[in-house]
Structure formats: C-alpha cells, structure tokens
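The next block is structure29.cif, given as mmCIF, C-alpha atoms.
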```
data_work
#
loop_
_atom_site.label_atom_id
_atom_site.label_comp_id
_atom_site.auth_asym_id
_atom_site.auth_seq_id
_atom_site.Cartn_x
_atom_site.Cartn_y
_atom_site.Cartn_z
CA MET A 24 -45.70 14.92 -19.47
CA PRO A 25 -44.79 12.50 -16.72
CA THR A 26 -44.38 14.03 -13.34
CA ALA A 27 -41.04 13.10 -11.95
CA PRO A 28 -38.75 14.67 -9.40
CA ALA A 29 -36.19 17.19 -10.55
CA GLY A 30 -33.61 14.73 -11.77
CA THR A 31 -33.20 11.30 -10.33
CA LEU A 32 -31.03 10.17 -7.48
CA TYR A 33 -27.67 8.88 -8.68
CA ARG A 34 -27.80 5.13 -8.43
CA GLY A 35 -24.45 4.50 -6.82
CA ARG A 36 -23.50 1.11 -5.54
CA GLU A 37 -22.04 -0.29 -2.30
CA GLY A 38 -19.23 2.26 -2.23
CA MET A 39 -21.52 5.27 -2.43
CA TRP A 40 -24.02 4.00 0.14
CA SER A 41 -21.28 3.04 2.57
CA TRP A 42 -20.00 6.60 2.20
CA VAL A 43 -23.50 7.98 2.88
CA ALA A 44 -23.83 5.77 5.95
CA HIS A 45 -20.36 6.82 7.09
CA ARG A 46 -21.36 10.49 6.81
CA VAL A 47 -24.68 10.00 8.60
CA THR A 48 -23.14 8.04 11.46
CA GLY A 49 -20.31 10.57 11.65
CA VAL A 50 -22.73 13.47 12.05
CA LEU A 51 -24.73 11.54 14.68
CA ILE A 52 -21.57 10.82 16.64
CA PHE A 53 -20.57 14.47 16.39
CA PHE A 54 -23.86 15.61 17.92
CA PHE A 55 -23.58 13.01 20.65
CA LEU A 56 -20.06 14.20 21.48
CA LEU A 57 -21.27 17.81 21.55
CA VAL A 58 -23.97 16.96 24.08
CA HIS A 59 -21.61 14.68 25.95
CA VAL A 60 -18.99 17.40 26.35
CA LEU A 61 -21.70 19.80 27.55
CA ASP A 62 -23.19 17.44 30.14
CA THR A 63 -19.77 16.36 31.36
CA ALA A 64 -18.83 20.01 31.68
CA LEU A 65 -21.66 20.34 34.23
CA VAL A 66 -19.33 18.61 36.70
CA ARG A 67 -17.45 21.88 36.73
CA VAL A 68 -20.67 23.65 37.70
CA SER A 69 -21.52 21.25 40.48
CA PRO A 70 -21.69 17.47 40.91
CA GLU A 71 -25.41 17.84 41.73
CA ALA A 72 -26.10 19.56 38.41
CA TYR A 73 -24.20 16.78 36.64
CA ASN A 74 -26.16 14.09 38.44
CA ALA A 75 -29.42 15.86 37.64
CA ALA A 76 -28.54 16.02 33.96
CA ILE A 77 -27.43 12.39 33.82
CA SER A 78 -30.52 11.17 35.67
CA THR A 79 -32.72 12.60 32.91
CA TYR A 80 -31.01 10.14 30.57
CA GLN A 81 -32.26 7.11 32.49
CA THR A 82 -35.32 6.52 30.31
CA GLU A 83 -36.29 3.86 27.78
CA ILE A 84 -36.15 6.36 24.93
CA MET A 85 -32.62 7.37 25.82
CA GLY A 86 -31.82 3.66 26.17
CA LEU A 87 -32.88 3.11 22.58
CA GLY A 88 -30.89 6.20 21.63
CA GLU A 89 -27.85 4.65 23.26
CA ALA A 90 -28.39 1.51 21.21
CA GLY A 91 -28.49 3.70 18.09
CA LEU A 92 -25.36 5.51 19.20
CA VAL A 93 -23.47 2.27 19.70
CA ALA A 94 -24.69 1.07 16.28
CA ALA A 95 -23.44 4.30 14.68
CA ILE A 96 -20.05 4.08 16.39
CA VAL A 97 -19.59 0.39 15.58
CA PHE A 98 -20.35 0.96 11.89
CA HIS A 99 -18.26 4.11 11.72
CA ALA A 100 -15.32 2.37 13.36
CA PHE A 101 -15.31 -0.75 11.21
CA ASN A 102 -16.00 1.17 8.01
CA GLY A 103 -13.26 3.61 8.97
CA ILE A 104 -10.80 0.72 9.01
CA ARG A 105 -12.13 -0.31 5.60
CA ILE A 106 -11.53 3.20 4.24
CA LEU A 107 -7.99 3.18 5.65
CA LEU A 108 -7.36 -0.12 3.89
CA VAL A 109 -8.82 1.22 0.64
CA ASP A 110 -6.36 4.11 0.78
CA PHE A 111 -3.26 2.44 2.14
CA TRP A 112 -3.44 -1.21 1.17
CA ALA A 113 -2.53 -1.66 -2.49
CA LYS A 114 -5.24 -4.27 -3.03
CA GLY A 115 -7.80 -2.31 -1.01
CA PRO A 116 -9.73 -0.74 -3.90
CA ARG A 117 -10.19 -4.12 -5.53
CA TYR A 118 -11.58 -5.70 -2.38
CA GLN A 119 -13.68 -2.75 -1.22
CA LYS A 120 -17.00 -4.56 -1.69
CA THR A 121 -15.78 -7.68 0.09
CA MET A 122 -14.48 -5.50 2.87
CA LEU A 123 -17.86 -3.76 3.14
CA TRP A 124 -19.55 -7.14 3.65
CA VAL A 125 -16.94 -7.95 6.28
CA VAL A 126 -17.75 -4.61 7.95
CA ILE A 127 -21.46 -5.43 7.92
CA GLY A 128 -20.74 -8.91 9.26
CA LEU A 129 -18.63 -7.55 12.11
CA PHE A 130 -21.33 -4.95 12.77
CA VAL A 131 -24.02 -7.63 13.06
CA VAL A 132 -21.86 -9.80 15.32
CA THR A 133 -20.95 -6.88 17.58
CA MET A 134 -24.52 -5.64 17.82
CA ALA A 135 -25.81 -9.17 18.43
CA GLY A 136 -23.51 -9.34 21.42
CA PHE A 137 -24.38 -5.89 22.71
CA LEU A 138 -28.06 -5.32 21.99
CA PRO A 139 -29.74 -8.12 24.05
CA ARG A 140 -27.74 -7.28 27.17
CA HIS A 141 -28.24 -3.55 26.74
CA LEU A 142 -31.96 -3.73 26.01
CA ILE A 143 -32.58 -6.07 28.95
CA ASN A 144 -30.82 -3.53 31.17
CA VAL A 145 -32.82 -0.65 29.72
CA PHE A 146 -36.25 -2.26 29.94
CA THR A 147 -35.82 -4.01 33.27
CA GLY A 148 -34.27 -1.00 34.94
CA GLY A 149 -31.09 -2.84 35.80
CA HIS A 150 -28.63 -0.08 34.93
CA MET B 4 -25.47 -0.56 -36.08
CA THR B 5 -28.25 -2.99 -36.62
CA ALA B 6 -28.96 -4.21 -40.10
CA THR B 7 -32.47 -2.88 -40.52
CA LEU B 8 -34.96 -5.16 -42.19
CA GLU B 9 -37.93 -4.04 -44.25
CA ALA B 10 -40.95 -3.95 -42.02
CA ASP B 11 -43.13 -5.97 -44.40
CA ALA B 12 -40.47 -8.49 -45.38
CA PRO B 13 -41.02 -12.03 -44.12
CA ALA B 14 -39.00 -12.64 -41.02
CA PRO B 15 -35.96 -14.65 -42.03
CA ALA B 16 -34.37 -17.12 -39.66
CA GLY B 17 -32.18 -15.46 -37.07
CA GLU B 18 -33.92 -12.12 -37.30
CA ILE B 19 -33.02 -9.82 -34.46
CA PRO B 20 -36.11 -9.46 -32.28
CA SER B 21 -37.53 -5.98 -32.04
CA PHE B 22 -39.46 -4.41 -29.19
CA THR B 23 -40.85 -1.05 -28.22
CA VAL B 24 -39.05 0.91 -25.58
CA THR B 25 -39.86 4.17 -23.83
CA LEU B 26 -37.13 6.68 -23.25
CA ARG B 27 -37.79 9.25 -20.55
CA VAL B 28 -35.50 12.09 -21.54
CA ARG B 29 -34.65 15.07 -19.38
CA ARG B 30 -35.33 18.10 -21.59
CA PHE B 31 -34.03 21.58 -20.95
CA ASN B 32 -34.14 24.55 -23.27
CA PRO B 33 -33.25 27.88 -21.67
CA GLU B 34 -34.90 29.75 -24.55
CA VAL B 35 -38.25 28.18 -23.71
CA SER B 36 -38.23 27.63 -19.97
CA GLU B 37 -35.90 27.80 -16.99
CA GLU B 38 -37.35 24.51 -15.83
CA ALA B 39 -36.12 21.13 -17.01
CA THR B 40 -38.87 18.64 -17.77
CA TRP B 41 -39.21 14.97 -18.57
CA GLU B 42 -40.47 13.88 -21.95
CA ASP B 43 -41.36 10.34 -22.97
CA PHE B 44 -40.57 8.94 -26.40
CA THR B 45 -41.61 5.47 -27.46
CA VAL B 46 -39.51 3.96 -30.19
CA GLU B 47 -39.20 0.62 -31.94
CA ALA B 48 -35.83 -0.93 -31.19
CA HIS B 49 -33.89 -4.08 -31.97
CA GLY B 50 -32.15 -6.32 -29.51
CA THR B 51 -28.82 -5.05 -30.75
CA ASP B 52 -29.71 -1.34 -30.45
CA ARG B 53 -27.94 0.90 -28.04
CA VAL B 54 -29.39 3.85 -26.16
CA LEU B 55 -27.69 6.09 -28.71
CA ASP B 56 -29.60 4.38 -31.55
CA ALA B 57 -32.85 5.13 -29.75
CA LEU B 58 -31.78 8.77 -29.26
CA HIS B 59 -30.97 8.93 -32.98
CA LYS B 60 -34.40 7.57 -33.84
CA ILE B 61 -36.00 10.25 -31.70
CA LYS B 62 -33.89 13.03 -33.17
CA TRP B 63 -34.17 11.90 -36.79
CA ASP B 64 -37.79 10.74 -36.91
CA MET B 65 -39.72 12.26 -34.00
CA ASP B 66 -38.31 15.44 -32.52
CA GLY B 67 -35.38 17.11 -34.23
CA SER B 68 -34.96 19.54 -31.36
CA LEU B 69 -33.60 16.83 -29.06
CA THR B 70 -30.01 17.83 -28.41
CA PHE B 71 -27.16 15.54 -27.41
CA ARG B 72 -23.49 15.11 -28.22
CA ARG B 73 -22.03 12.22 -30.07
CA SER B 74 -19.20 11.92 -32.47
CA CYS B 75 -17.72 8.52 -33.20
CA ALA B 76 -20.69 6.62 -31.74
CA HIS B 77 -18.42 3.70 -30.90
CA GLY B 78 -17.13 4.34 -27.41
CA VAL B 79 -13.87 6.00 -28.40
CA CYS B 80 -14.47 9.75 -28.56
CA GLY B 81 -16.18 10.07 -25.19
CA SER B 82 -18.80 12.60 -26.31
CA ASP B 83 -22.02 10.93 -25.26
CA ALA B 84 -21.68 10.32 -21.55
CA VAL B 85 -25.20 10.61 -20.10
CA ARG B 86 -26.99 9.33 -17.05
CA ILE B 87 -29.00 6.25 -18.02
CA ASN B 88 -31.35 4.91 -15.36
CA GLY B 89 -29.49 6.96 -12.78
CA ARG B 90 -25.98 5.81 -13.71
CA ASN B 91 -23.35 7.46 -15.87
CA ARG B 92 -22.86 5.53 -19.08
CA LEU B 93 -21.86 6.12 -22.68
CA ALA B 94 -25.08 6.05 -24.70
CA CYS B 95 -23.14 4.35 -27.52
CA LYS B 96 -21.92 1.50 -25.31
CA THR B 97 -25.15 0.73 -23.47
CA LEU B 98 -27.47 -1.79 -25.09
CA LEU B 99 -31.16 -1.09 -24.53
CA LYS B 100 -31.74 -4.71 -23.58
CA ASP B 101 -29.22 -4.36 -20.75
CA VAL B 102 -31.02 -1.48 -19.03
CA ASN B 103 -34.43 -3.12 -18.59
CA PRO B 104 -36.45 -1.90 -21.61
CA ASP B 105 -39.70 -3.09 -19.96
CA LYS B 106 -39.78 0.09 -17.94
CA PRO B 107 -39.14 3.62 -19.21
CA ILE B 108 -35.40 4.21 -19.48
CA THR B 109 -34.43 7.57 -18.00
CA VAL B 110 -31.80 9.54 -19.88
CA GLU B 111 -30.42 12.65 -18.17
CA PRO B 112 -27.41 14.89 -18.60
CA ILE B 113 -24.45 14.09 -16.38
CA LYS B 114 -24.52 15.75 -12.97
CA GLY B 115 -22.36 18.53 -11.61
CA LEU B 116 -21.73 20.40 -14.86
CA PRO B 117 -23.96 23.23 -16.14
CA VAL B 118 -26.58 21.99 -18.60
CA VAL B 119 -26.54 23.92 -21.87
CA LYS B 120 -29.46 22.21 -23.57
CA ASP B 121 -31.17 18.83 -23.11
CA LEU B 122 -28.33 16.32 -22.67
CA VAL B 123 -25.50 18.70 -23.52
CA VAL B 124 -23.46 20.03 -20.60
CA ASP B 125 -20.73 22.64 -20.48
CA MET B 126 -17.54 20.58 -20.25
CA GLU B 127 -15.25 23.56 -19.72
CA PRO B 128 -14.86 23.21 -15.91
CA PHE B 129 -13.97 19.58 -16.51
CA PHE B 130 -11.33 20.39 -19.14
CA ALA B 131 -9.97 23.24 -17.03
CA SER B 132 -9.11 20.73 -14.28
CA TYR B 133 -7.60 18.45 -16.89
CA ARG B 134 -5.33 21.20 -18.22
CA GLU B 135 -4.22 22.12 -14.72
CA ILE B 136 -2.53 18.80 -14.04
CA MET B 137 -0.30 19.32 -17.14
CA PRO B 138 -1.35 16.35 -19.26
CA PHE B 139 1.84 16.25 -21.32
CA LEU B 140 5.33 14.82 -21.03
CA VAL B 141 7.62 17.02 -18.96
CA THR B 142 11.35 16.48 -19.40
CA THR B 143 14.59 18.35 -18.83
CA GLY B 144 17.86 18.47 -20.75
CA ASN B 145 18.49 17.87 -24.41
CA GLU B 146 16.14 15.88 -26.51
CA PRO B 147 17.46 12.35 -27.02
CA SER B 148 18.49 11.39 -30.55
CA LYS B 149 16.75 8.02 -30.10
CA GLU B 150 13.39 7.21 -28.59
CA ARG B 151 12.94 7.61 -24.86
CA TYR B 152 13.40 4.02 -23.83
CA GLN B 153 10.86 2.45 -21.53
CA SER B 154 10.72 -1.16 -20.43
CA PRO B 155 7.46 -3.09 -20.78
CA GLU B 156 7.31 -3.27 -16.98
CA ASP B 157 7.60 0.49 -16.65
CA ARG B 158 4.95 0.93 -19.33
CA ALA B 159 2.63 -1.48 -17.55
CA ARG B 160 2.86 0.63 -14.39
CA PHE B 161 0.45 3.23 -15.78
CA ASP B 162 -1.25 1.22 -18.52
CA ASP B 163 -4.68 1.41 -16.89
CA THR B 164 -4.80 5.20 -16.84
CA THR B 165 -3.76 5.61 -20.50
CA LYS B 166 -7.21 4.38 -21.51
CA CYS B 167 -9.07 7.54 -20.49
CA ILE B 168 -11.24 9.14 -23.20
CA LEU B 169 -12.21 12.22 -21.15
CA CYS B 170 -15.92 11.53 -21.31
CA ALA B 171 -16.45 12.91 -17.77
CA ALA B 172 -18.54 9.92 -16.70
CA CYS B 173 -16.32 9.47 -13.64
CA THR B 174 -16.02 13.10 -12.60
CA SER B 175 -19.75 13.69 -12.92
CA SER B 176 -20.53 10.54 -10.90
CA CYS B 177 -18.55 11.83 -7.93
CA PRO B 178 -20.65 13.11 -4.98
CA VAL B 179 -17.76 15.34 -3.95
CA PHE B 180 -17.68 16.96 -7.39
CA TRP B 181 -21.46 17.58 -7.38
CA THR B 182 -21.26 19.68 -4.24
CA ASP B 183 -17.76 21.09 -4.71
CA GLY B 184 -17.12 22.04 -8.33
CA GLN B 185 -13.60 23.13 -7.42
CA TYR B 186 -12.54 19.52 -6.80
CA PHE B 187 -10.17 18.34 -9.53
CA GLY B 188 -12.29 15.26 -10.03
CA PRO B 189 -11.37 11.68 -10.87
CA ALA B 190 -10.59 12.25 -14.56
CA ALA B 191 -7.94 14.90 -13.90
CA ILE B 192 -6.31 12.69 -11.27
CA VAL B 193 -6.38 9.68 -13.60
CA ASN B 194 -4.59 11.70 -16.26
CA ALA B 195 -2.09 12.99 -13.72
CA HIS B 196 -1.50 9.38 -12.65
CA ARG B 197 -0.75 8.51 -16.26
CA PHE B 198 2.29 10.85 -16.16
CA ILE B 199 3.26 10.63 -12.49
CA PHE B 200 3.95 6.90 -12.90
CA ASP B 201 5.55 7.26 -16.35
CA SER B 202 9.26 6.49 -15.99
CA ARG B 203 10.12 8.96 -18.81
CA ASP B 204 8.37 11.88 -17.18
CA GLU B 205 10.09 14.36 -14.89
CA GLY B 206 7.17 16.52 -13.86
CA GLY B 207 5.85 14.09 -11.28
CA SER B 208 6.67 16.15 -8.21
CA GLN B 209 5.14 19.22 -9.83
CA ARG B 210 1.90 17.34 -10.54
CA LEU B 211 1.85 15.91 -7.04
CA GLU B 212 2.27 19.45 -5.75
CA ILE B 213 -0.77 20.57 -7.78
CA LEU B 214 -2.87 17.65 -6.57
CA ASN B 215 -1.77 18.09 -2.95
CA ASP B 216 -4.14 21.06 -2.94
CA LYS B 217 -7.15 21.31 -0.63
CA GLU B 218 -9.26 20.55 -3.72
CA GLY B 219 -6.91 17.83 -4.87
CA VAL B 220 -6.74 14.09 -4.22
CA TRP B 221 -7.52 14.42 -0.52
CA ARG B 222 -11.10 15.35 -1.40
CA CYS B 223 -11.62 11.79 -2.63
CA ARG B 224 -13.98 9.92 -0.31
CA THR B 225 -13.59 6.56 -2.07
CA THR B 226 -17.24 6.14 -3.02
CA PHE B 227 -16.18 4.09 -6.07
CA ASN B 228 -18.86 5.71 -8.23
CA CYS B 229 -16.11 6.70 -10.68
CA THR B 230 -14.72 3.17 -10.98
CA GLU B 231 -18.21 1.85 -11.56
CA ALA B 232 -19.05 4.53 -14.13
CA CYS B 233 -15.88 4.39 -16.25
CA PRO B 234 -16.80 3.09 -19.72
CA ARG B 235 -13.16 2.09 -20.27
CA GLY B 236 -12.99 -0.03 -17.13
CA ILE B 237 -10.26 2.06 -15.55
CA GLU B 238 -9.89 1.38 -11.85
CA VAL B 239 -10.25 5.08 -11.13
CA THR B 240 -10.39 4.93 -7.35
CA LYS B 241 -7.31 2.71 -7.34
CA ALA B 242 -5.44 5.29 -9.43
CA ILE B 243 -6.47 8.09 -7.07
CA GLN B 244 -5.36 6.02 -4.09
CA GLU B 245 -1.98 5.39 -5.78
CA VAL B 246 -1.52 9.13 -6.25
CA LYS B 247 -2.39 9.68 -2.58
CA ARG B 248 0.18 7.13 -1.52
CA ALA B 249 2.80 8.52 -3.91
CA MET B 250 2.31 11.89 -2.27
CA ILE B 251 3.07 10.43 1.13
CA THR B 252 5.90 8.11 0.10
CA ARG B 253 7.66 10.67 -2.11
CA ALA B 254 7.42 13.36 0.54
CA PHE B 255 9.51 11.36 3.02
#
```
As structure tokens, the full file:
Amino acid sequence: MPTAPAGTLYRGREGMWSWVAHRVTGVLIFFFLLVHVLDTALVRVSPEAYNAAISTYQTEIMGLGEAGLVAAIVFHAFNGIRILLVDFWAKGPRYQKTMLWVVIGLFVVTMAGFLPRHLINVFTGGH
Amino acid sequence: MTATLEADAPAPAGEIPSFTVTLRVRRFNPEVSEEATWEDFTVEAHGTDRVLDALHKIKWDMDGSLTFRRSCAHGVCGSDAVRINGRNRLACKTLLKDVNPDKPITVEPIKGLPVVKDLVVDMEPFFASYREIMPFLVTTGNEPSKERYQSPEDRARFDDTTKCILCAACTSSCPVFWTDGQYFGPAAIVNAHRFIFDSRDEGGSQRLEILNDKEGVWRCRTTFNCTEACPRGIEVTKAIQEVKRAMITRAF
C-alpha cells in the first residue's frame, strides 16, 4: 500500500495559482493595513507614542518586510486589473494567461525599479 | 476500443505497441473502513488505451470490487469524470499515453462531492443546483403553430454552452465549490447561460434573479479550472463572465 497524502492537490494551471497568489497577497495586505491603522491611531494618543512605535520599524528586518509588502501590493494591484478585464472585457477570459504574463512582467519591472533603491536605503541607513 | 491481438501471435506490421502502466487508485469503502486508501494496480495497456480501459481491466480481471461509473464510454454521457493525475478528466477521453504512463497514474474521485464508494460520488448536490436554474425553455402566451423561429446568429450566441454533458468535471474543479458547497457551480451557470442567451426563451430575468444570489455567479473567482477541466471544451469561465455582465447590463 503506497503511502500518499489524503488525496492529491488539484493541479490547477495559471488561473488557479494566480488566484492563490491574489488571496495570499490580499491577506498580507489586510494584516499590514490592520497594523498600520493601529500605529497611525497612536497619533491620537500622543505624537511621542506614535514616534516611538514608528522608530521600532527602522530595522533591516522591517525593511525586508516593506519590500515584501510592496511586492504583495504591486502583484495584487496588477492582477486585480487583470481580474477586472477578465470579468468586464469580452475577450478577457480568452487572454487571461497572456494577461497573467503581462502582470508578471509589470511586476518584475516595477520591483526592479523599486528594490535596489529601497534595499540600499534600508542597509545603508539612509531612510 | 483497441483491437486486441493474441499474446502469442507474431507481431504483424503496424501493431499497436503495448506497455505496462501502474494506476494508483483512491479506494474508499465505508463498509470496510472510514479511511480512503491508495491502491496500485499494474496492467498491460496499448498505446490506444484510455484510462477507462485500464480501469475496466482492473475491474474485470484483477479486482471486481473496484467501483466507478461509466455508461457510454465514449465521452457523451458524462458519467466517468474522475481526477487523473490531479486534474478532472473523463476517464473515457484520456489516453494513457497522454498522462505520462512512466509514472503511476493517480485516479481519484472528483472533489467537493461526497464519495459513496471508490470513484463514485453522490451527484445529487450537483443536480440540485442544475434544477434550480430551470434548465428548460420558459415561454409565455399561446404555443406557436409553427416552430419557434431562431436565426443562425441567435443560435450561435449560446452554441458553446449547449455542449454540456453534466459530468461535473467543471464544478468539482472549482476551489470555491470545494469550500462552499452552496455555490451553484460552473455547470449550473453554464446551463443557465444556455437559456439566458436563447432568443426564444423568456425566463432570462428569472434565471438572472436566481443567479444574482450570494451563492450565485458572484462567487466565481475566475480561476479558470473549470475551463481547463471541461471535456467538451466549453469556455466555462467566459460563459460565467457573460452571465455576470448580463446581470449588470440588464439591470440598468
């Protein structure tokens, strides 16, 4: 009796994985926004408390987290446009794979522009 | 079906090459165990054999308890939708040589519907959704004395969605349907599309009303699993998207 997991993963294609990535990035962005609303709300407590909270973010690890956040938002934004086109452009469903490659292309271009500058700032302390 | 040759006969020119193939079948028998298990069967197959032929060989010659549905065995009745190597396919339309017979081929029941035994699932939730969208011509007034005329252009409008054989390959490939069994599912929407865009039909707004439900077309997340799984090549996601747009355009 071969040992195998309880049923296999459905082997979906580009459409399914883009949906998974859209969900994952969406949840990440949600948690960022949650934290962001909370830390911004500290201004209401006192500007000092806000500054204290923000200063704890000025680390390399948070810098990498910011890079991840931007990556998530960039993908979510471009793929969101793709999903809109799939739903509202008559030819959208037929070109969904092409559009996904365009999304990935735009993602790479955007991140290539953003990442070097951001990482240099993070790791040389030049915020 | 393959013309089977006698094993000891000399190989004539143009003989279909045969090979051994392992099928890893998901077995489930509630009378024996609550747990589903994998079982390997190695069978001799020809280059022209389909997954269904291999399942037949297992059932007829090796283990008669293997349970699966099939009726016409030629891709018309839609009985034998199963998950082959992780993708929904009709066992009767999938050639073994096309699903990499070098490695064990996994055969599982379709996802999202309760498994009754082995590869047989309870299709009732699927058909219940199908019935709900009223898959029949709805008209008002007196019956015409001639046929209900329809131009070829009007007929072509919904041609794609007339091809559905209700095999449930699309609905059971949908991640939304797996987690939310209340979702109408692609097949029901495809069959609603077939009447919504039929120029002779008058129940369109009623069907759109039904599908405007929380569990209706808006649950679709355009993963395109359904389009990829459809053994009839229906552009399922496109049909769902057309119903979505009809809902918006006909509402205003």
Taking into account all atoms listed in the file, which residue in the set A:Met85, A:Ala113, A:Leu129, A:Ala72 is nearest to Val97 in chain A?
-> A:Leu129
Resolved residues for the PyMOL selection byres ((chain B and resi 70-81) around 10) as a PyMOL selection string = chain B and resi 4+30-32+53+55-56+58-59+62+66-69+82-85+93-97+112+119-124+166-172+234-235
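The residues that lie within 9 Å of the point (-26.7, 7.8, -13.9), counting all atoms listed in the file, are Thr31, Leu32, Tyr33, Arg34 and Gly35 of chain A; Val85, Arg86, Ile87, Asn88, Gly89, Arg90, Asn91, Arg92, Thr109, Val110, Glu111, Pro112, Ile113, Lys114, Ala172, Ser176 and Ala232 of chain B.
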Could you spell out the hits of the PyMOL selection byres ((chain B and resi 39-45) around 10) on the shown file, as JSON, numbers by chain?
-> {"A": [24, 25, 26, 27, 28, 29, 30], "B": [23, 24, 25, 26, 27, 28, 29, 30, 31, 32, 33, 35, 36, 37, 38, 46, 47, 48, 57, 58, 60, 61, 65, 66, 107, 108, 109, 110, 111, 118, 120, 121]}
Calculate how many Å separate CA of Val220 in chain B from CA of Tyr118 in chain A, rounding to one decimal.
-> 20.5 Å
Compile the contact shell of range 143-152 of chain B as a PyMOL selection string: residues with an atom at most 8 Å away, counting all atoms listed in the file, same-chain residues fewer than 2 positions apart removed.
-> chain B and resi 141+154+203+205
